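Below is the file coords-v3.pdb, which contains PDB, N, CA and C atoms, pLDDT in the B column.
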ATOM      1  N   MET A 174     124.529  95.456  62.933  1.00 54.00           N
ATOM      2  CA  MET A 174     123.518  96.237  62.234  1.00 54.00           C
ATOM      3  C   MET A 174     122.186  95.482  62.197  1.00 54.00           C
ATOM      4  N   ASN A 175     122.253  94.153  62.030  1.00 58.00           N
ATOM      5  CA  ASN A 175     121.042  93.350  61.953  1.00 58.00           C
ATOM      6  C   ASN A 175     120.296  93.369  63.277  1.00 58.00           C
ATOM      7  N   SER A 176     121.012  93.309  64.389  1.00 57.00           N
ATOM      8  CA  SER A 176     120.363  93.305  65.704  1.00 57.00           C
ATOM      9  C   SER A 176     119.679  94.643  65.973  1.00 57.00           C
ATOM     10  N   HIS A 177     120.272  95.723  65.466  1.00 61.00           N
ATOM     11  CA  HIS A 177     119.676  97.047  65.641  1.00 61.00           C
ATOM     12  C   HIS A 177     118.349  97.144  64.883  1.00 61.00           C
ATOM     13  N   ALA A 178     118.322  96.574  63.678  1.00 60.00           N
ATOM     14  CA  ALA A 178     117.110  96.580  62.865  1.00 60.00           C
ATOM     15  C   ALA A 178     116.028  95.723  63.534  1.00 60.00           C
ATOM     16  N   HIS A 179     116.462  94.658  64.177  1.00 65.00           N
ATOM     17  CA  HIS A 179     115.507  93.761  64.852  1.00 65.00           C
ATOM     18  C   HIS A 179     114.934  94.430  66.096  1.00 65.00           C
ATOM     19  N   ASN A 180     115.701  95.322  66.681  1.00 72.00           N
ATOM     20  CA  ASN A 180     115.305  95.974  67.937  1.00 72.00           C
ATOM     21  C   ASN A 180     114.324  97.112  67.702  1.00 72.00           C
ATOM     22  N   LYS A 181     114.296  97.649  66.501  1.00 84.00           N
ATOM     23  CA  LYS A 181     113.523  98.854  66.234  1.00 84.00           C
ATOM     24  C   LYS A 181     112.013  98.681  66.434  1.00 84.00           C
ATOM     25  N   PRO A 182     111.392  97.608  65.937  1.00 86.00           N
ATOM     26  CA  PRO A 182     109.943  97.459  66.153  1.00 86.00           C
ATOM     27  C   PRO A 182     109.563  97.440  67.622  1.00 86.00           C
ATOM     28  N   ILE A 183     110.420  96.889  68.462  1.00 88.00           N
ATOM     29  CA  ILE A 183     110.156  96.853  69.907  1.00 88.00           C
ATOM     30  C   ILE A 183     110.132  98.272  70.468  1.00 88.00           C
ATOM     31  N   ASN A 184     111.091  99.099  70.017  1.00 92.00           N
ATOM     32  CA  ASN A 184     111.137 100.491  70.461  1.00 92.00           C
ATOM     33  C   ASN A 184     109.879 101.233  70.025  1.00 92.00           C
ATOM     34  N   VAL A 185     109.429 100.984  68.804  1.00 93.00           N
ATOM     35  CA  VAL A 185     108.224 101.631  68.283  1.00 93.00           C
ATOM     36  C   VAL A 185     107.016 101.208  69.098  1.00 93.00           C
ATOM     37  N   LEU A 186     106.909  99.897  69.359  1.00 92.00           N
ATOM     38  CA  LEU A 186     105.790  99.387  70.149  1.00 92.00           C
ATOM     39  C   LEU A 186     105.792  99.991  71.546  1.00 92.00           C
ATOM     40  N   THR A 187     106.969 100.098  72.133  1.00 93.00           N
ATOM     41  CA  THR A 187     107.085 100.654  73.483  1.00 93.00           C
ATOM     42  C   THR A 187     106.632 102.109  73.509  1.00 93.00           C
ATOM     43  N   SER A 188     107.049 102.883  72.502  1.00 94.00           N
ATOM     44  CA  SER A 188     106.666 104.295  72.462  1.00 94.00           C
ATOM     45  C   SER A 188     105.170 104.442  72.212  1.00 94.00           C
ATOM     46  N   ILE A 189     104.616 103.580  71.347  1.00 94.00           N
ATOM     47  CA  ILE A 189     103.173 103.622  71.084  1.00 94.00           C
ATOM     48  C   ILE A 189     102.401 103.264  72.349  1.00 94.00           C
ATOM     49  N   ALA A 190     102.852 102.219  73.043  1.00 94.00           N
ATOM     50  CA  ALA A 190     102.194 101.805  74.280  1.00 94.00           C
ATOM     51  C   ALA A 190     102.261 102.919  75.315  1.00 94.00           C
ATOM     52  N   GLY A 191     103.402 103.589  75.400  1.00 95.00           N
ATOM     53  CA  GLY A 191     103.562 104.687  76.343  1.00 95.00           C
ATOM     54  C   GLY A 191     102.626 105.841  76.021  1.00 95.00           C
ATOM     55  N   THR A 192     102.501 106.143  74.722  1.00 95.00           N
ATOM     56  CA  THR A 192     101.618 107.221  74.285  1.00 95.00           C
ATOM     57  C   THR A 192     100.167 106.885  74.586  1.00 95.00           C
ATOM     58  N   LEU A 193      99.790 105.629  74.301  1.00 95.00           N
ATOM     59  CA  LEU A 193      98.418 105.193  74.560  1.00 95.00           C
ATOM     60  C   LEU A 193      98.102 105.255  76.046  1.00 95.00           C
ATOM     61  N   THR A 194      99.042 104.783  76.865  1.00 96.00           N
ATOM     62  CA  THR A 194      98.837 104.783  78.312  1.00 96.00           C
ATOM     63  C   THR A 194      98.687 106.209  78.826  1.00 96.00           C
ATOM     64  N   HIS A 195      99.535 107.111  78.323  1.00 96.00           N
ATOM     65  CA  HIS A 195      99.481 108.514  78.735  1.00 96.00           C
ATOM     66  C   HIS A 195      98.166 109.133  78.298  1.00 96.00           C
ATOM     67  N   GLY A 196      97.764 108.848  77.071  1.00 96.00           N
ATOM     68  CA  GLY A 196      96.511 109.386  76.547  1.00 96.00           C
ATOM     69  C   GLY A 196      95.313 108.861  77.313  1.00 96.00           C
ATOM     70  N   LEU A 197      95.381 107.570  77.657  1.00 96.00           N
ATOM     71  CA  LEU A 197      94.277 106.950  78.384  1.00 96.00           C
ATOM     72  C   LEU A 197      94.161 107.544  79.783  1.00 96.00           C
ATOM     73  N   ALA A 198      95.283 107.744  80.448  1.00 96.00           N
ATOM     74  CA  ALA A 198      95.276 108.334  81.782  1.00 96.00           C
ATOM     75  C   ALA A 198      94.705 109.748  81.729  1.00 96.00           C
ATOM     76  N   HIS A 199      95.077 110.490  80.683  1.00 96.00           N
ATOM     77  CA  HIS A 199      94.584 111.857  80.500  1.00 96.00           C
ATOM     78  C   HIS A 199      93.076 111.841  80.287  1.00 96.00           C
ATOM     79  N   PHE A 200      92.615 110.890  79.451  1.00 96.00           N
ATOM     80  CA  PHE A 200      91.197 110.765  79.142  1.00 96.00           C
ATOM     81  C   PHE A 200      90.399 110.404  80.390  1.00 96.00           C
ATOM     82  N   VAL A 201      90.914 109.480  81.172  1.00 95.00           N
ATOM     83  CA  VAL A 201      90.234 109.053  82.401  1.00 95.00           C
ATOM     84  C   VAL A 201      90.127 110.217  83.377  1.00 95.00           C
ATOM     85  N   ARG A 202      91.190 111.020  83.456  1.00 95.00           N
ATOM     86  CA  ARG A 202      91.184 112.174  84.353  1.00 95.00           C
ATOM     87  C   ARG A 202      90.112 113.170  83.934  1.00 95.00           C
ATOM     88  N   ILE A 203      90.029 113.438  82.627  1.00 95.00           N
ATOM     89  CA  ILE A 203      89.007 114.350  82.108  1.00 95.00           C
ATOM     90  C   ILE A 203      87.615 113.786  82.365  1.00 95.00           C
ATOM     91  N   LEU A 204      87.461 112.485  82.113  1.00 93.00           N
ATOM     92  CA  LEU A 204      86.184 111.827  82.311  1.00 93.00           C
ATOM     93  C   LEU A 204      85.753 111.929  83.771  1.00 93.00           C
ATOM     94  N   ALA A 205      86.699 111.741  84.675  1.00 92.00           N
ATOM     95  CA  ALA A 205      86.397 111.834  86.099  1.00 92.00           C
ATOM     96  C   ALA A 205      85.930 113.243  86.459  1.00 92.00           C
ATOM     97  N   HIS A 206      86.592 114.252  85.884  1.00 92.00           N
ATOM     98  CA  HIS A 206      86.213 115.644  86.165  1.00 92.00           C
ATOM     99  C   HIS A 206      84.829 115.958  85.620  1.00 92.00           C
ATOM    100  N   VAL A 207      84.487 115.332  84.490  1.00 91.00           N
ATOM    101  CA  VAL A 207      83.180 115.574  83.881  1.00 91.00           C
ATOM    102  C   VAL A 207      82.087 114.844  84.649  1.00 91.00           C
ATOM    103  N   LEU A 208      82.359 113.588  85.017  1.00 89.00           N
ATOM    104  CA  LEU A 208      81.329 112.757  85.634  1.00 89.00           C
ATOM    105  C   LEU A 208      81.153 113.029  87.129  1.00 89.00           C
ATOM    106  N   ALA A 209      82.213 113.386  87.820  1.00 88.00           N
ATOM    107  CA  ALA A 209      82.144 113.571  89.267  1.00 88.00           C
ATOM    108  C   ALA A 209      81.082 114.602  89.681  1.00 88.00           C
ATOM    109  N   PRO A 210      81.056 115.796  89.085  1.00 86.00           N
ATOM    110  CA  PRO A 210      80.026 116.780  89.476  1.00 86.00           C
ATOM    111  C   PRO A 210      78.615 116.267  89.220  1.00 86.00           C
ATOM    112  N   GLN A 211      78.424 115.540  88.112  1.00 83.00           N
ATOM    113  CA  GLN A 211      77.101 115.016  87.785  1.00 83.00           C
ATOM    114  C   GLN A 211      76.664 113.990  88.822  1.00 83.00           C
ATOM    115  N   SER A 212      77.567 113.085  89.201  1.00 82.00           N
ATOM    116  CA  SER A 212      77.216 112.052  90.163  1.00 82.00           C
ATOM    117  C   SER A 212      76.977 112.686  91.537  1.00 82.00           C
ATOM    118  N   LEU A 213      77.744 113.703  91.871  1.00 81.00           N
ATOM    119  CA  LEU A 213      77.533 114.403  93.146  1.00 81.00           C
ATOM    120  C   LEU A 213      76.175 115.104  93.155  1.00 81.00           C
ATOM    121  N   ALA A 214      75.818 115.697  92.028  1.00 84.00           N
ATOM    122  CA  ALA A 214      74.540 116.383  91.916  1.00 84.00           C
ATOM    123  C   ALA A 214      73.393 115.381  92.038  1.00 84.00           C
ATOM    124  N   LEU A 215      73.557 114.212  91.417  1.00 82.00           N
ATOM    125  CA  LEU A 215      72.537 113.170  91.502  1.00 82.00           C
ATOM    126  C   LEU A 215      72.379 112.685  92.941  1.00 82.00           C
ATOM    127  N   CYS A 216      73.504 112.522  93.631  1.00 83.00           N
ATOM    128  CA  CYS A 216      73.455 112.083  95.034  1.00 83.00           C
ATOM    129  C   CYS A 216      72.740 113.149  95.881  1.00 83.00           C
ATOM    130  N   ALA A 217      73.016 114.409  95.601  1.00 84.00           N
ATOM    131  CA  ALA A 217      72.397 115.491  96.343  1.00 84.00           C
ATOM    132  C   ALA A 217      70.890 115.512  96.089  1.00 84.00           C
ATOM    133  N   GLU A 218      70.475 115.251  94.849  1.00 80.00           N
ATOM    134  CA  GLU A 218      69.054 115.214  94.510  1.00 80.00           C
ATOM    135  C   GLU A 218      68.360 114.059  95.214  1.00 80.00           C
ATOM    136  N   ASP A 219      69.025 112.914  95.270  1.00 78.00           N
ATOM    137  CA  ASP A 219      68.445 111.736  95.914  1.00 78.00           C
ATOM    138  C   ASP A 219      68.222 111.996  97.403  1.00 78.00           C
ATOM    139  N   ASN A 220      69.162 112.674  98.000  1.00 72.00           N
ATOM    140  CA  ASN A 220      69.050 112.948  99.435  1.00 72.00           C
ATOM    141  C   ASN A 220      68.042 114.070  99.659  1.00 72.00           C
TER     142      ASN A 220
END
Since I need it in another form, could you write the structure as structure tokens?
Amino acid sequence: MNSHAHNKPINVLTSIAGTLTHGLAHFVRILAHVLAPQSLALCAEDN
């Protein structure tokens, strides 16, 4: 029982890290979709 209690914080940390990583990947994808058209438009204006 003691080892199970000791293992729990690791499981919580792992799930939090997984959630953060998933959220960050989602955020980066959205950011790329937002920024890509703007940067393409800027490149087109420069040319």
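In this model, the gap between atom CA of Ile183 of chain A and atom N of Gly196 of chain A comes to 18.7 Å.
For the atom pair formed by atom C of Pro182 of chain A and atom CA of Ala198 of chain A, the distance is 22.9 Å, given to one decimal.
Going from atom CA of Thr187 of chain A to atom CA of Ile203 of chain A covers 24.3 Å.
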Which centre and which edge lengths, in Å to one decimal, describe the axis-aligned box that holds all listed atoms of segment 204-212 of chain A after 5 Å is added on each side, as lines of an AutoDock Vina configuration file?
center_x = 82.1
center_y = 114.3
center_z = 86.8
size_x = 20.8
size_y = 15.0
size_z = 19.4
